[in-house]
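What follows is the content of my_file37.csv (CSV, C-alpha atoms and all ligand atoms).
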```
chain,number,residue,atom,x,y,z
A,1,MET,CA,68.9,240.7,80.9
A,2,SER,CA,72.6,240.4,80.2
A,3,ASN,CA,75.5,242.4,78.8
A,4,GLU,CA,79.0,241.9,77.6
A,5,SER,CA,80.4,244.2,80.3
A,6,ALA,CA,79.7,241.3,82.7
A,7,MET,CA,82.7,239.5,81.3
A,8,SER,CA,86.1,240.7,80.3
A,9,LEU,CA,87.7,239.4,77.1
A,10,GLN,CA,91.1,240.1,78.7
A,11,PRO,CA,91.0,237.5,81.5
A,12,PRO,CA,93.1,237.9,84.6
A,13,ASP,CA,96.1,235.6,85.0
A,14,ASP,CA,94.2,233.0,87.0
A,15,GLY,CA,95.2,229.9,85.2
A,16,VAL,CA,91.9,229.7,83.4
A,17,GLY,CA,91.7,229.1,79.6
A,18,GLU,CA,91.0,231.7,77.0
A,19,ILE,CA,87.5,233.1,76.7
A,20,SER,CA,86.3,233.7,73.1
A,21,ASP,CA,83.0,235.2,71.9
A,22,ALA,CA,83.6,234.0,68.3
A,23,GLN,CA,81.2,231.1,68.8
A,24,PRO,CA,78.2,230.5,71.0
A,25,ASN,CA,79.0,228.2,73.9
A,26,SER,CA,76.7,225.8,75.8
A,27,ALA,CA,77.7,227.0,79.4
A,28,ARG,CA,77.0,230.6,78.5
A,29,MET,CA,73.8,229.8,76.6
A,30,TYR,CA,72.5,227.8,79.6
A,31,ASP,CA,73.4,230.7,81.9
A,32,TYR,CA,71.4,233.0,79.7
A,33,LEU,CA,68.4,230.6,79.7
A,34,LEU,CA,68.5,230.8,83.5
A,35,GLY,CA,68.6,234.6,83.5
A,36,GLY,CA,72.3,235.0,84.2
A,37,ALA,CA,74.8,237.6,83.0
A,38,ALA,CA,77.8,235.5,82.0
A,39,ASN,CA,77.0,235.4,78.3
A,40,PHE,CA,77.8,237.3,75.1
A,41,ALA,CA,75.6,238.5,72.2
A,42,VAL,CA,76.6,235.4,70.2
A,43,ASP,CA,75.1,233.2,72.9
A,44,ARG,CA,71.9,235.2,73.2
A,45,ASP,CA,71.5,235.2,69.4
A,46,ALA,CA,71.8,231.4,69.4
A,47,ILE,CA,69.2,231.1,72.1
A,48,ALA,CA,66.9,233.5,70.2
A,49,ASP,CA,67.2,231.2,67.2
A,50,MET,CA,66.4,228.2,69.3
A,51,GLN,CA,63.5,229.8,71.0
A,52,ALA,CA,62.0,230.9,67.7
A,53,ILE,CA,61.4,227.2,66.9
A,54,PHE,CA,61.2,225.9,70.5
A,55,PRO,CA,59.8,228.5,72.9
A,56,PRO,CA,59.9,226.3,76.0
A,57,ALA,CA,63.8,226.2,76.0
A,58,PRO,CA,64.0,228.2,79.4
A,59,HIS,CA,61.6,225.7,80.9
A,60,TYR,CA,64.2,222.9,80.1
A,61,ALA,CA,66.9,224.8,82.0
A,62,ARG,CA,64.8,225.7,85.0
A,63,SER,CA,63.4,222.1,85.3
A,64,ASN,CA,66.9,220.7,85.1
A,65,ARG,CA,68.1,223.1,87.8
A,66,GLY,CA,65.2,222.3,90.0
A,67,PHE,CA,66.1,218.6,89.7
A,68,LEU,CA,69.7,219.4,90.7
A,69,THR,CA,68.4,221.3,93.8
A,70,ARG,CA,66.2,218.4,94.9
A,71,VAL,CA,68.8,215.8,94.3
A,72,VAL,CA,71.4,217.6,96.4
A,73,ARG,CA,68.9,218.1,99.2
A,74,TYR,CA,67.9,214.4,99.0
A,75,LEU,CA,71.5,213.3,99.1
A,76,CYS,CA,72.3,215.4,102.2
A,77,GLN,CA,69.2,214.0,103.9
A,78,HIS,CA,70.6,210.6,103.2
A,79,GLY,CA,74.0,211.2,104.7
A,80,ILE,CA,76.0,212.3,101.7
A,81,ASP,CA,78.6,215.0,102.4
A,82,GLN,CA,80.8,214.7,99.4
A,83,PHE,CA,79.9,215.8,95.8
A,84,LEU,CA,81.7,215.6,92.5
A,85,ASP,CA,79.8,218.0,90.2
A,86,LEU,CA,80.7,217.2,86.6
A,87,GLY,CA,79.8,220.0,84.2
A,88,SER,CA,78.9,222.2,87.1
A,89,GLY,CA,78.2,225.3,84.8
A,90,VAL,CA,78.2,229.0,85.5
A,91,PRO,CA,77.1,229.6,89.1
A,92,THR,CA,73.6,230.8,89.4
A,93,VAL,CA,70.9,230.9,92.1
A,94,GLY,CA,71.0,227.7,94.2
A,95,ASN,CA,74.5,226.3,93.6
A,96,VAL,CA,75.3,222.9,94.8
A,97,HIS,CA,77.5,224.0,97.7
A,98,GLU,CA,74.9,226.5,98.8
A,99,ILE,CA,72.2,223.9,98.9
A,100,ALA,CA,74.5,221.3,100.5
A,101,HIS,CA,75.7,223.7,103.2
A,102,GLN,CA,72.1,224.5,104.2
A,103,HIS,CA,71.8,220.9,105.2
A,104,THR,CA,75.3,219.7,106.0
A,105,GLU,CA,77.8,222.3,107.1
A,106,GLN,CA,80.9,220.2,106.5
A,107,ALA,CA,79.8,219.1,103.0
A,108,ARG,CA,82.6,219.1,100.4
A,109,ILE,CA,82.0,220.0,96.8
A,110,ALA,CA,84.4,219.6,93.9
A,111,TYR,CA,83.1,221.5,90.9
A,112,VAL,CA,84.5,220.5,87.5
A,113,ASP,CA,83.8,222.2,84.2
A,114,HIS,CA,85.8,222.5,81.0
A,115,ASP,CA,84.5,225.9,80.2
A,116,PRO,CA,86.7,228.9,81.3
A,117,VAL,CA,83.7,231.2,81.9
A,118,ALA,CA,82.0,228.7,84.2
A,119,VAL,CA,85.3,228.1,86.0
A,120,ARG,CA,86.2,231.8,86.4
A,121,HIS,CA,82.7,232.8,87.6
A,122,ALA,CA,82.7,229.9,90.1
A,123,ARG,CA,86.1,230.9,91.5
A,124,ARG,CA,85.0,234.5,91.8
A,125,LEU,CA,81.9,233.5,93.7
A,126,LEU,CA,83.8,231.6,96.3
A,127,ASP,CA,85.1,233.1,99.5
A,128,PRO,CA,88.9,232.7,99.2
A,129,THR,CA,88.9,231.2,102.7
A,130,GLU,CA,86.4,228.5,101.7
A,131,SER,CA,88.1,225.2,102.2
A,132,ARG,CA,85.1,223.0,101.5
A,133,VAL,CA,84.7,223.8,97.9
A,134,THR,CA,87.0,223.7,94.9
A,135,VAL,CA,86.7,224.5,91.2
A,136,THR,CA,88.7,222.5,88.6
A,137,GLU,CA,88.9,223.3,84.9
A,138,ALA,CA,88.9,219.9,83.3
A,139,ASP,CA,87.2,217.7,80.7
A,140,LEU,CA,85.0,215.1,82.3
A,141,ARG,CA,85.8,212.9,79.3
A,142,ASP,CA,89.2,212.4,80.9
A,143,PRO,CA,88.3,210.8,84.2
A,144,ASP,CA,92.0,210.0,85.2
A,145,THR,CA,92.8,213.7,85.0
A,146,VAL,CA,89.6,214.8,86.8
A,147,LEU,CA,90.1,212.2,89.6
A,148,ALA,CA,93.7,213.1,90.1
A,149,ALA,CA,93.2,216.9,90.0
A,150,PRO,CA,94.3,218.6,93.2
A,151,GLY,CA,90.8,220.1,93.5
A,152,VAL,CA,89.2,216.7,93.4
A,153,ALA,CA,91.7,214.2,94.9
A,154,GLY,CA,92.8,216.8,97.5
A,155,LEU,CA,89.2,217.5,98.6
A,156,LEU,CA,87.2,214.4,98.4
A,157,ASP,CA,87.9,211.2,100.4
A,158,PHE,CA,87.1,208.4,98.0
A,159,SER,CA,87.3,205.8,100.8
A,160,ARG,CA,83.9,207.2,101.8
A,161,PRO,CA,80.7,207.6,99.7
A,162,VAL,CA,80.7,210.4,97.1
A,163,ALA,CA,77.8,211.6,95.0
A,164,VAL,CA,78.7,212.1,91.3
A,165,LEU,CA,76.4,214.7,89.7
A,166,ALA,CA,76.2,214.5,85.9
A,167,VAL,CA,73.3,216.9,85.6
A,168,GLY,CA,72.6,218.4,82.2
A,169,VAL,CA,76.0,217.5,80.9
A,170,LEU,CA,75.9,214.1,79.3
A,171,PRO,CA,74.0,215.4,76.2
A,172,PHE,CA,77.4,216.8,75.3
A,173,VAL,CA,79.0,213.4,75.4
A,174,PRO,CA,78.4,211.4,72.2
A,175,GLY,CA,77.3,207.8,71.7
A,176,ASN,CA,78.3,205.1,74.1
A,177,GLU,CA,81.0,207.2,75.7
A,178,ALA,CA,78.5,208.6,78.3
A,179,ARG,CA,77.9,205.1,79.6
A,180,SER,CA,81.6,204.1,79.7
A,181,LEU,CA,82.6,207.3,81.4
A,182,MET,CA,80.1,206.9,84.1
A,183,THR,CA,81.4,203.4,84.6
A,184,ARG,CA,84.9,204.8,85.0
A,185,TYR,CA,83.8,207.2,87.7
A,186,ARG,CA,81.7,204.5,89.4
A,187,ASP,CA,84.8,202.2,89.6
A,188,HIS,CA,86.4,204.9,91.7
A,189,LEU,CA,83.6,204.9,94.3
A,190,VAL,CA,82.9,202.8,97.3
A,191,PRO,CA,79.5,201.2,98.0
A,192,GLY,CA,77.0,203.8,99.4
A,193,SER,CA,78.0,206.3,96.7
A,194,TYR,CA,75.5,207.8,94.3
A,195,ALA,CA,75.2,209.0,90.8
A,196,ALA,CA,72.6,211.5,89.5
A,197,VAL,CA,72.0,212.0,85.8
A,198,SER,CA,69.7,214.3,83.9
A,199,HIS,CA,69.4,214.5,80.2
A,200,LEU,CA,67.7,216.2,77.2
A,201,ALA,CA,65.0,213.9,76.0
A,202,GLN,CA,62.3,214.3,73.4
A,203,LEU,CA,59.1,214.4,75.5
A,204,SER,CA,56.9,217.1,74.0
A,205,MET,CA,59.0,218.6,71.3
A,206,SER,CA,58.4,217.6,67.7
A,207,ASP,CA,61.1,216.0,65.5
A,208,GLU,CA,61.4,219.3,63.7
A,209,GLN,CA,61.9,221.3,66.9
A,210,LEU,CA,64.5,218.8,68.2
A,211,ALA,CA,66.4,218.9,64.9
A,212,ALA,CA,66.4,222.7,64.8
A,213,GLY,CA,67.6,222.9,68.4
A,214,LEU,CA,70.4,220.4,67.8
A,215,ASP,CA,71.3,222.4,64.7
A,216,VAL,CA,71.8,225.5,66.8
A,217,MET,CA,74.0,223.6,69.2
A,218,ARG,CA,76.2,222.5,66.3
A,219,ARG,CA,77.3,226.1,66.1
A,220,THR,CA,79.0,225.6,69.5
A,221,PRO,CA,82.2,223.6,70.1
A,222,THR,CA,80.1,221.0,71.9
A,223,PRO,CA,77.1,219.7,69.9
A,224,GLU,CA,74.4,218.1,71.9
A,225,GLN,CA,72.2,215.0,71.6
A,226,ALA,CA,69.0,213.8,73.1
A,227,ARG,CA,68.6,210.3,74.6
A,228,THR,CA,65.6,208.1,75.4
A,229,VAL,CA,64.6,207.1,78.9
A,230,ASP,CA,66.0,203.6,78.2
A,231,GLU,CA,69.4,205.1,77.1
A,232,VAL,CA,69.6,207.3,80.2
A,233,ARG,CA,68.8,204.4,82.4
A,234,ASP,CA,71.5,202.4,80.7
A,235,ILE,CA,74.0,205.2,81.5
A,236,LEU,CA,73.4,204.4,85.2
A,237,HIS,CA,73.9,200.7,84.8
A,238,GLY,CA,75.7,199.2,87.8
A,239,TYR,CA,73.8,201.5,90.1
A,240,HIS,CA,70.6,200.5,91.9
A,241,LEU,CA,68.1,203.0,90.5
A,242,LEU,CA,66.1,204.7,93.3
A,243,GLU,CA,62.4,205.4,93.0
A,244,PRO,CA,60.8,206.8,90.9
A,245,GLY,CA,63.5,205.7,88.4
A,246,ILE,CA,64.3,207.7,85.2
A,247,VAL,CA,61.4,210.2,84.9
A,248,PRO,CA,60.7,213.7,83.5
A,249,VAL,CA,62.7,215.7,86.0
A,250,PRO,CA,59.7,217.8,87.3
A,251,GLU,CA,58.4,214.4,88.6
A,252,TRP,CA,61.5,213.5,90.5
A,253,HIS,CA,60.6,214.0,94.2
A,254,PRO,CA,58.7,217.2,93.4
A,255,ASP,CA,57.9,219.8,96.0
A,256,THR,CA,54.6,220.3,94.4
A,257,THR,CA,53.1,217.9,91.9
A,258,PRO,CA,53.7,219.1,88.4
A,259,THR,CA,51.0,218.9,85.7
A,260,GLN,CA,51.5,216.4,82.9
A,261,GLU,CA,52.0,219.4,80.6
A,262,GLU,CA,54.8,220.8,82.8
A,263,SER,CA,56.5,217.5,83.0
A,264,GLN,CA,56.5,216.9,79.2
A,265,ARG,CA,57.4,220.5,78.4
A,266,SER,CA,60.7,220.1,80.3
A,267,ASN,CA,62.0,217.7,77.7
A,268,CYS,CA,64.4,216.5,80.4
A,269,VAL,CA,64.6,213.2,82.2
A,270,GLY,CA,66.7,212.2,85.2
A,271,GLY,CA,67.2,209.9,88.1
A,272,LEU,CA,69.4,208.9,90.9
A,273,GLY,CA,71.3,205.6,91.5
A,274,ILE,CA,73.1,204.2,94.5
A,275,GLN,CA,76.1,201.8,94.4
A,276,ARG,CA,75.6,198.7,96.5
B,1,LIG,N1,75.2,221.0,85.9
B,1,LIG,C1,74.7,222.3,85.8
B,1,LIG,C2,73.2,222.3,85.9
B,1,LIG,O1,72.6,221.3,85.7
B,1,LIG,O2,72.6,223.4,86.2
B,1,LIG,C3,75.1,223.0,84.4
B,1,LIG,C4,74.6,222.2,83.2
B,1,LIG,S1,75.0,223.1,81.7
B,1,LIG,C5,73.6,222.6,80.7
B,1,LIG,C6,76.3,222.0,81.1
B,1,LIG,C7,77.7,222.3,81.6
B,1,LIG,O3,78.5,221.2,81.2
B,1,LIG,C8,78.3,223.5,80.9
B,1,LIG,O4,78.8,224.3,81.9
B,1,LIG,C9,79.4,223.0,80.1
B,1,LIG,O5,80.6,223.8,80.0
B,1,LIG,C10,79.8,221.7,80.8
B,1,LIG,N2,80.4,220.7,80.0
B,1,LIG,C11,80.0,220.2,78.8
B,1,LIG,N3,80.9,219.3,78.3
B,1,LIG,C12,81.8,219.1,79.3
B,1,LIG,C13,83.0,218.3,79.4
B,1,LIG,N4,83.3,217.4,78.4
B,1,LIG,N5,83.7,218.4,80.5
B,1,LIG,C14,83.4,219.3,81.5
B,1,LIG,N6,82.3,220.1,81.5
B,1,LIG,C15,81.5,220.0,80.4
```
Please render this file's structure as structure tokens.
Amino acid sequence: MSNESAMSLQPPDDGVGEISDAQPNSARMYDYLLGGAANFAVDRDAIADMQAIFPPAPHYARSNRGFLTRVVRYLCQHGIDQFLDLGSGVPTVGNVHEIAHQHTEQARIAYVDHDPVAVRHARRLLDPTESRVTVTEADLRDPDTVLAAPGVAGLLDFSRPVAVLAVGVLPFVPGNEARSLMTRYRDHLVPGSYAAVSHLAQLSMSDEQLAAGLDVMRRTPTPEQARTVDEVRDILHGYHLLEPGIVPVPEWHPDTTPTQEESQRSNCVGGLGIQR
């Protein structure tokens, strides 16, 4: 599926941080779950350990990615043409700018990730003449830096509505910080802006499976946590939550109705709010 030759340990001088394969890393593990090649043996070993106790792990990743696709499409259909994608990840099939540009040619997308592999791959993927998309290496936990970064402040017009995407990333933000961070971003937005969130949640997995999965993530520099539906809803406080609310992500505006088993097996919930 993947091999080390896909990534160089001697990065080019492109202003992107150091890449190390000493520890597994969440961006590369997620890439591997989605069938990508931007990962090392240490990432694949961590996923193998996770899958030994929780076989549906790839279903989580695919369900989350499907939610992202449908949210971006929905937002374009509702007039949004500016996206701030926090924790954008390693590019894979159906990236936000590709989906958005299918619907809205002029859409602007500011990708932000703190992971050097994600950032380097995203920059490589982009046509150098592409002026509608930027990739910023930054930590979303520092909103002032993110919002002032040239790739964000120089691309997005915050006097018009922007959609903030925090898809699959807030499990890496502990405690109440996720809520307060989303408030900081919201305060920067005008009415008519949106925020989308998806999150790891214990739907079908047992306590033992969840604990073992989180143990594997503690090997990475960014341990993860699950949240309940109520906690995820609370992260979007201050937004008017759109139908169907915070639901298992396969049930959010599905193209085909998922079975109950598919929904629960995703172990991922999400929703979309609008600022009024
Ligand atoms: N949003 C994409 C998606 O849903 O397909 C990728 C999700 S992936 C599970 C999580 C991404 O969030 C990884 O690329 C990781 O590097 C990034 N990430 C985690 N913590 C972050 C932080 N504090 N700041 C910026 N990015 C972060």
Report task. Would you mind listing the residues within 8 Å of ligand LIG 1 (chain B), counting all atoms listed in the file, as an MDAnalysis selection string? Result -> chainID A and resid 25:28 30:31 61 64:65 68 85:90 112:115 118 137:141 165:170 172:173 198 222
Requested in this report: Name all residues at most 12 Å from Asp43 (chain A) (count only C-alpha atoms; drop same-chain ones fewer than 3 positions away) and give them as a PyMOL selection string.
Outcome: chain A and resi 2-4+20-33+36-40+46-50+216-217+219-220
Query raised in the report: Which residues come within 8 Å of Val96 (chain A), counting only C-alpha atoms, excluding same-chain residues fewer than 6 positions away, as a list in words?
Result: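 My list of contacting residues is Leu68, Thr69, Val72 and Ile109 of chain A.
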Query raised in the report: Hey, which of A:Cys76, A:Ile274, A:Gln82, A:His103 ends up closest to Arg186 (chain A)? Count all atoms listed in the file.
Result: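 Of the candidates, the smallest distance to Arg186 (chain A) is held by A:Ile274.
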Requested in this report: Could you tell me how far CA of Arg108 (chain A) lies from CA of Leu155 (chain A), in Å and to one decimal?
Outcome: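 That distance, rounded to one decimal, is 7.0 Å.
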Report task. Extract, using only C-alpha atoms, all DNA, RNA and protein residues at most 9 Å from Gly79 (chain A), discarding same-chain residues fewer than 4 positions from it, and format them as a list of chain:residue names. Result -> A:Tyr74, A:Leu75, A:Thr104
Requested in this report: Using only C-alpha atoms, pick whichever of A:Ser204, A:Thr129, A:Ser180, A:Gln102 has the shortest atom-to-atom distance to Ser266 (chain A).
Outcome: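 Checking each candidate against Ser266 (chain A), we get A:Ser204 as the closest.
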Report task. May I ask which of the residues A:Val16, A:Pro55, A:Gly66, A:Gly35 is the closest one to Thr256 (chain A), counting all atoms listed in the file? Result -> A:Gly66
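Among the candidates A:Phe83, A:Tyr111, A:Phe67, A:Tyr194, the residue lying nearest to Thr136 (chain A) is A:Tyr111 (atoms considered: only C-alpha atoms).
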Query raised in the report: Do you have the CA of Glu18 (chain A)-CA of Gly151 (chain A) distance handy?
Result: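 Interatomic distance here is 20.2 Å.
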Requested in this report: Measure the distance from CA of Asp215 (chain A) to CA of Ala178 (chain A) in Å and round it to one decimal.
Outcome: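 About the pair CA of Asp215 (chain A) and CA of Ala178 (chain A): they are 20.7 Å apart.
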Requested in this report: Would you kindly identify which residues have an atom no farther than 12 Å from (60.3, 206.9, 88.3), using all atoms listed in the file and the file's own coordinates, and write them out as a list in words?
Outcome: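 Residues with an atom at most 12 Å from (60.3, 206.9, 88.3): Val229, Arg233, Leu241, Leu242, Glu243, Pro244, Gly245, Ile246, Val247, Pro248, Val249, Pro250, Glu251, Trp252, His253, Pro254, Val269, Gly270, Gly271, Leu272 and Gly273 of chain A.
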